[in-house]
Amino acid sequence: MSKHIIIDPITRIEGHLRIEAVIDDNNVITDAFASSTMFRGIETILKGRDPRDAGMLAMRICGVCTGTHYQRSIEAVEHAFGIDIPKNARIVRNLIQGALYLHDHVVHFYHLHALDWVDITSALKADPKLAAAEALKWTNTPFGAGEGELRAIQERVGKFVKQGRLGIFSNAYWGNKNYKLSAEQNLIAVAHYLQALDMQRDMSKMMAIFGGKMPHPQSLVVGGVTCIQDIKNPARIAAFKSILTKATHFIKNAYLVDVLMAGTVYAGEALDGTGAGLKSYMSYGDFRLNDNGFYDSALLFPKGVVLNGDLTKLHPLDQAKITEDVTHAWYEGKNDKGLHPFVGETNPKYTGLEKKADGYSYLKTNEKYSWIKSPLYDDTRVEVGPLARIVVGLAAGDKRITEHATSFLTKLGNTLGLGKPAPASVVFSTVGRTAARAIETELMAEVMFEWLDELATNVAKGDLSTWTEFDFDKVSKDARGYGMAEAPRGGLGHWVVIKDGKIENYQAVVPSTWNAAPRDYKGRLGAYESALVGTKVANPEQPLEILRTVHSFDPCIACAVHIVDTKGKELSSFKVNTSCAI
Amino acid sequence: MLDKREALAQMFSAKGAKVNTNRGDEYYNSLKLIMEKRLGELEKTQIAAKTSIVDVMEYEGLTRRDFMKWASAACAALMLPPTFTPLVVRAAELMNRVPVIWIELQDCAGNSEAILRSDSPTIDELILETISLEFNETLMVAAGHQAEEHLDEAMKTFKGKYLCVVEGAIPRGMNGLYGTMGAKAETYIEHLTRVAKDSAAIVAVGTCATFGGVPAASPNPTDAVGVQDIIKDKPIINIPACPANPANITGTILHFVLTGTIPELDHLNRPKFAFGYRIHDNCERRAHFDAGEFVEEWGDEGAKNNFCLYKMGCKGPMTFNNCSIVKYNSGTNWPIGAGHGCIGCSEPQFWDKFATERPMSDSHIKAPTGGVEKTVDEFGMALITAAGIGIGIHAAISIAAGKKDENSQN
């Protein structure tokens with residue numbers, strides 16, 4: 001008989017997420033449902049405010065993609081007002097966002113995702129000498145993986161385990177037979193887990209240099225940036241560069257190498273496409289490389305859509321084709337492909353969960369079951385994120401992305417003994433999603449050095465301009481605009497309508513709206529749901545494989561949840577369902 | 001007009017929220033006795049966490065001297081005389097006896113992210129590694145059933161002993177159903193109430209958990225509130241700011257280890273050691289305020305010369321927090337350092353009162369209770385208005401009295 005399991009809370013993510021899955025007798029997932037269980041209403045809160053203040057509040061949508069919502073919101077207002085920003089401001093914004101990518105991807109891989117692949121308890125059985133030799137098999141210059149370092153870490157972890165209280169490592173899935181790394185490989189990864197705690201602390205300083213603090217920086221304003229002191233001070237730029245150099249060492253010799261090692265050991269899952277899901281990808285494009293204006297500049301990440309894994313064809317992106325369907329989301333609306341964000345409506349219609357005889361509350365999967373809407377691009381379901389950026393970059397023939405992706409596939413081909421690069425199709429998998437993030441991190445670190453030099457050169461030329469003046473009363477009478485670009489987790493867009501100096505309507509369609517969405521009006525699955533179906537689990541009591549795939553998307557659920565219109569409306573439209581768990 | 005002058009005088013001479021750093025021998029002697037008793041008790045308890053600070057120091061290659069240096073700095077941060085340093089050392093070594101259960105409600109994980117960056121002084125981070133962090137959704141390896149099971153076990157094992165750290169607001173609207181957690185779909189109100197019940201004390205971190213924060217900003221769509229509006233029968237320490245400065249979180253935990261009690265709090269339940277400072281009083285740009293030198297628009301000559309940001313909406317004069325002293329990310333920077341005004345993020349309802357890029361006197365803002373927007377003059381004599389206008393006048397006086405006036409700058 002098939003089992004219907006609930007996993008709530010999904011941990012090691014931003015926000016609150018529930019997954020329900022149906023697992024058959026052969027331990028294969030036959031159906032899956034993703035539900036967001038928390039709602040704040042930030043877009044409603046933004047309505048009626050001064051558009052110049054929206055960015056700071058919109059940033060609080062998420063403390064993990066911190067700074068991204070800030071910039072998107074400000075760009076939406078700048079787009080509405082028709083103002084462009086000075087060169088210094090463009091570069092500083094790139095550097096702040098770039099710093100976030102490095103920080104966020106490293107924290108995601110080690111602290112939020114790695115323990116789905118790495119068994120800490122197995123690391124205790126490793127021989128540190130063999131482990132140091134193992135590290136040298138994957139790179140000539142391993143980070144922090146000498147015999148002495150590994151032995152010290154093993155002793156420290158051993159002591160901790162012996163004490164008996166495992167804290168946040170308690171009750172996990174240690175010993176599950178789907179953990180496949182050797183004891184020595186596990187020890188290397190555990191060492192990097194701990195070293196990454198230090199590294200991310202340093203990396204966060206990069207954002208703070210130009211942003212004031214991290215999380216939640218505070219140096220962006222409509223028209224530019226405020227951190228002129230930090231821009232004109234060569235010591236600040238030098239400090240940034242020194243952290244970036246250290247970070248690059250870690251990314252190249254720990255992060256990327258660990259992903260290659262895990263990718264090789266778990267190659268079976270990549271080659272058979274476990275966790276591939278939708279196989280249609282979208283990138284909004286991001287990181288302007290010149291000053292040709294908002295949506296006309298050359299971009300580090302190209303924009304576009306790739307359908308059904310066909311890398312030979314890149315479809316152009318048209319924001320007018322985005323709609324949000326609410327058939328299975330707790331909002332009122334028709335059961336169709338829904339409305340464009342400029343005219344988006346979001347009146348909640350919470351219908352609750354169903355409490356069953358076993359005492360648990362289940363999603364009513366035939367009806368509405370999540371606070372996340374189902375966004376569609378041209379009536380198609382698509383995935384966003386680092387994998388989508390790499391796939392779109394490959395389809396667009398982008399030189400830099402192609403080089404970095406090819407380099408990784410070549411190394412993987414070698415370690416797998418294929419005698420040629422691994423096929424590009426391996427990226428259509430859970431493992432591929434994780435690898436794409438690492439490939440992108442290396443690329444980002446490389447390009448950030450170029451931006452730093454570009455900034456220093458521009459300042460040295462005497463350009464200290466950081467802000468573009470505008471006549472607020474004039475431009476804010478009747479304006480609408482959007483800020484559409486990429487967050488570490490994927491395409492993130494803010495749409496704003498401004499009337500008489502105030503925000504009239506505000507909608508955000510964010511990475512996890514695309515990825516964590518429920519089914520749509522045609523019953524098509526969301527990206528998480530689709531990626532889970534077909535996965536075989538080793539032990540249905542331990543949701544290890546489910547966590548692996550869900551974490552590979554790097555969920556940020558608080559971002560994805562939308563609005564209520566007014567308090568009055570919301571209360572009148574809600575009927576307490578007597579069968580829910582209250 | 002006289003009222004406004006008076007308001008100004010009051011604001012800059014108010015003693016209420018300031019910290020008294022010399023309380024007399026009697027006070028400190030009795031505090032010492034409390035701490036010694038507390039530490040004695042802790043030393044006898046069963047070890048709750050992984051390693052002691054001594055082991056970690058040894059591993060990190062730090063000397064006893066490094067540690068003592070840190071302890072004396074921590075002592076000063078907690079506003080204790082240097083004679084307390086040996087007690088702070090003992091307390092730090094006992095940190096592994098205090099279990100912490102960290103729950104997340106209507107949050108953005110910003111405070112969990114902030115605590116990951118805890119840094120200054122360096123040993124702080126080690127202390128965070130050595131407290132017994134029993135539960136934290138952002139870092140917890142196990143999920144679902146296994147995570148809930150461990151939470152239950154930890155609450156039972158450390159009944160009455162653990163600190164309950166709360167991040168995020170609590171929605172009361174729609175019977176609390178705007179946030180549910182776990183396979184039984186417990187509402188956040190139920191979840192918080194259950195975890196708080198057997199805790200020794202609650203530490204509300206970030207402005208959402210303390211005062212409702214972002215979700216509670218007008219029109220507060222989900223009727224969100226802070227912990228103190230839900231839990232009435234436990235000691236609650238509020239550490240607001242968006243996000244809370246990790247130094248203030250560690251400071252509070254350290255104080256709890258030291259005394260078994262909560263630190264001295266101000267009228268908003270904020271520890272005085274952190275929130276007894278007005279941003280404005282310790283601001284690196286204060287001299288420019290007094291000299292009447294202001295940034296008049298982003299990126300102007302004033303901005304290039306680090307002038308005061310008051311006219312660009314800085315709310316440092318209305319805000320109590322130690323950012324101007326401690327700063328963020330190992331002292332790397334802080335908002336005013338990066339050229340942006342303070343938005344008052346450690347104050348209640350700051351989204352509706354303070355978080356604009358214009359000074360109070362000409363901002364259109366919503367009253368905390370909602371309703372139609374007004375300029376601040378139209379609010380009447382509410383304290384905040386008086387303070388805002390007071391500052392406005394002070395700024396004008398400074399301009400008049402300063403060496404430069406606005407015209408001669410052009």
# chains A, B, ... in the order shown; residues from 1 in each chain; ligands from 1
>>> interface_residues(of="chain B", to="chain A", cutoff="6 Å", atoms="only C-alpha atoms", output="ChimeraX atom specification")
/B:49-50,108-110,117,133-135,137-144,146,178-180,182-184,215,218,221,299,328-329,333-335,338-340,356
>>> residues_around(residues="B:Leu258", least_positions_apart="4", cutoff="12 Å", atoms="only C-alpha atoms", output="PyMOL selection string")
chain B and resi 31-43+74-75+78+80+84-95+97-98+251-254+262-263
>>> select_by_dssp(residues="stretch 324-438 of chain A", states="alpha helix (DSSP H)", output="PyMOL selection string")
chain A and resi 386-395+399-415+430-438
>>> residues_around(residues="stretch 382-385 of chain A", least_positions_apart="6", cutoff="8 Å", atoms="only C-alpha atoms", output="list in words")
Leu278, Lys279, Ser280, Tyr281, Met282, Ser283, Leu376, Ala487, Pro488, Arg489, Gly490, Gly491, Pro511, Trp514, Asn515, Ala527 and Phe553 of chain A
>>> atom_distance(atom1="atom CA of A:Val326", atom2="atom CA of B:Ile189")
27.3 Å
>>> residues_around(residues="A:Asn505", least_positions_apart="2", cutoff="7 Å", atoms="only C-alpha atoms", output="tab-separated table (two decimals) with C-alpha atoms, in the first residue's frame")
chain	number	residue	atom	x	y	z
A	47	LYS	CA	0.74	50.30	-0.76
A	496	VAL	CA	5.19	48.93	-9.03
A	497	VAL	CA	2.39	51.31	-9.98
A	503	ILE	CA	2.52	53.41	-4.36
A	507	GLN	CA	3.59	42.87	-6.72
>>> residues_around(residues="A:Glu184", least_positions_apart="2", cutoff="6 Å", atoms="only C-alpha atoms", output="ChimeraX atom specification")
/A:126,131,182,186-187
>>> write_last_selection(atoms="C-alpha atoms", output="PDB file, in the first residue's frame")
ATOM      1  CA  ALA A 126      38.154   8.111   8.603  1.00  0.00           C
ATOM      2  CA  ALA A 131      41.780  11.628   3.895  1.00  0.00           C
ATOM      3  CA  SER A 182      33.683   7.243   1.818  1.00  0.00           C
ATOM      4  CA  ASN A 186      33.053  12.691   4.517  1.00  0.00           C
ATOM      5  CA  LEU A 187      35.837  13.963   6.751  1.00  0.00           C
TER       6      LEU A 187
END
